[in-house]
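Shown next, in structure tokens, is the structure this report addresses.
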Amino acid sequence: MAESIENAAAAPRRRVAVVSLHTSPTAALGQSANGGLNVYVRETCLAFSERGIATDVFTRRVEPDGHGEPPRIEALAPLSRVIYLPTASSTEASKYELLDHAQAFGESIADFAQREDLQYDVIHSHYWLSGVAAERLRERTGSAWVHTAHTLGLVKNRQLAEGARPEPPERIRAERAIAGAVDRVVASTDDEAEDWAWLYACRPERIRVVAPGVDLLAFRPQARLHAKRRLGYAGKRVVLFVGRLERLKGVDVLLRAVARLEADLRSEVRVVVIGQDGSDADQSETARLRGMVAELGIEDQVEFMGTVPHDRLPHYYSAADVCVMPSHSESFGLVALEAQACGCPVLAAAVSGLQSVVRDEITGFLVPDHDPESYADRLRRLLTEPELSEQMGRRGTLLAQRFTWTRTADRLLEVYEELGEPAQAGGVHFGSRQE
């Protein structure tokens, strides 16, 4: 086994430059801008490594005064590493401030490849800021370019939560430029593919749909009562939220729904909120939600956990009677998929990304609006009908088997292979492109 890894490392089948400017796949989840994108990049790179595909993940170095210092390199897998490139941006820079540094970041990647005499067959950028960097990198190298958006500005603005700040025009312009220049867009769902085509005028022949996956070895059912005792929730009905705390996620809808439950039922409920503020909020969403909890008089029912290591999330999903996702917009319901893999029913908003992984009245409930009473009605059923909850959980576990990172990686490799043969050894000649 060790010999095969060494041979693969010496001559990988392909080499991919993964651009993730604003966040690292090794960052703690649930805080700042860290979330499903981080999981996606990490898991696909791990799966690529097993297939003899080398990946260099380029992200910004966030240590103060890092500009001008050499890159820091961290191993992710036998054929994958994270390369932290110094930038002129500070640790406090918002995603929108990073736009001023995106093209220079693409230049830095090209300079790194030239110094190391590396040849990347494909550039795969994640999120719009990375797309800006990748376009500049492609101009320098001529490499094939694949882009995954994870979220789209026009879609978020179309489904904006009350009081949320709309995505700025700079983002929309950047996404339109990506749509016109990229070789392939990878959408997570059919609905996202349509959004690329209709909202951004991306040519349909450039769009491919590849669903993300879930680690079925890590995310699998545990006995619910045992999981509750382990986490200190014995005798409680656990309602779980997992994600960044921002208005987009609709946690306020969940809190108002819990406040509408009958007093005797509500007294048995523990709402566990896992996550921290997003990086670009005008105000602390945690502080706003804590104020709402006090106003609603449900302090005894709600626990703000902050971030939890990703490998501990299966314990929380398994302990939960329901995982709630009242999001106003989701490109793909990765949390919903993880919860279902652990046998936890999901109560979610009927938005496109969640509709792709939650089956209404089969693995959970999809709510067509953001009325707290609509959520309260379905919460009552799941909390008071244990047979229904268990049945939905079992079905969710079966549904999750269709979504694996192995399948995601294989489909991505098919997309890469559409764009040309691997580059030959020697020099800094990158893979050729074709329509």
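Each chain in the structure tokens gets a letter, A, B, ..., in the order shown, and its residues are numbered from 1; ligands are numbered from 1 in order too.
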
So that I can see what lies close to region 338-340 of chain A, please list as a ChimeraX atom specification the residues with an atom at most 6 Å from it, counting only C-alpha atoms and leaving out residues fewer than 3 positions away in the same chain. /A:317,335,343-344,396-397

Env of Gly163 (chain A): 12 Å cut, atoms = only C-alpha atoms, seq-sep filter 4 positions within chain, self excluded. Answer as a list in words. Asn157, Gln159, Glu246, Arg247, Leu248, Gly250, Asp252, Ala281, Asp282, Gln283, Glu285 and Arg288 of chain A

So that I can see what lies close to Leu99 (chain A), please list as a list of chain:residue names the residues with an atom at most 9 Å from it, counting only C-alpha atoms and leaving out residues fewer than 4 positions away in the same chain. A:Lys95, A:Gln103, A:Leu129, A:Val132, A:Ala133, A:Glu170, A:Arg171

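Separating CA of Glu330 (chain A) from CA of Pro345 (chain A) is a distance of 17.9 Å.
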
Hey, what's within 10 Å of Pro168 (chain A) if we count only C-alpha atoms and toss same-chain stuff fewer than 6 positions away? As a list in words, please? Tyr96, Gly153, Leu154 and Asn157 of chain A

Which residues in region 148-343 of chain A does DSSP call helix (DSSP H, G or I)? List them as JSON, numbers by chain. {"A": [153, 154, 155, 156, 157, 158, 169, 170, 171, 172, 173, 174, 175, 176, 177, 178, 179, 180, 181, 190, 191, 192, 193, 194, 195, 196, 197, 198, 199, 200, 204, 205, 206, 224, 225, 226, 227, 228, 229, 230, 231, 247, 248, 249, 251, 252, 253, 254, 255, 256, 257, 258, 259, 263, 264, 265, 266, 285, 286, 287, 288, 289, 290, 291, 292, 293, 294, 295, 296, 310, 311, 312, 313, 314, 315, 316, 317, 318, 319, 334, 335, 336, 337, 338, 339, 340, 341]}

Can I get the residues of region 199-258 of chain A within 10 Å of region 366-374 of chain A, each with the closest pair of atoms and their distance in Å to one decimal, using only C-alpha atoms, sorted chain first then ascending number, as CSV?
```
residue,atom,partner,partner_atom,distance
A:Gly250,CA,A:His370,CA,8.1
A:Asp252,CA,A:Pro372,CA,8.7
A:Val253,CA,A:Pro372,CA,5.3
A:Leu254,CA,A:Pro372,CA,6.8
A:Leu255,CA,A:Pro372,CA,8.2
A:Arg256,CA,A:Pro372,CA,5.7
A:Ala257,CA,A:Pro372,CA,4.5
A:Val258,CA,A:Pro372,CA,8.3
```

Find, counting only C-alpha atoms, the residue in A:His126, A:Arg176, A:His315, A:Arg208 that gets nearest to Leu240 (chain A). A:His315

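Residue nearest Pro221 (chain A), chosen from A:Arg395, A:Ala201, A:Pro70, A:Thr307 and counting only C-alpha atoms: A:Arg395.
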
Show which residues sit within 10 Å of Ala319 (chain A), as a ChimeraX atom specification. Count only C-alpha atoms, and ignore same-chain residues fewer than 3 positions away. /A:221-234,236-240,313-316,322,342-344
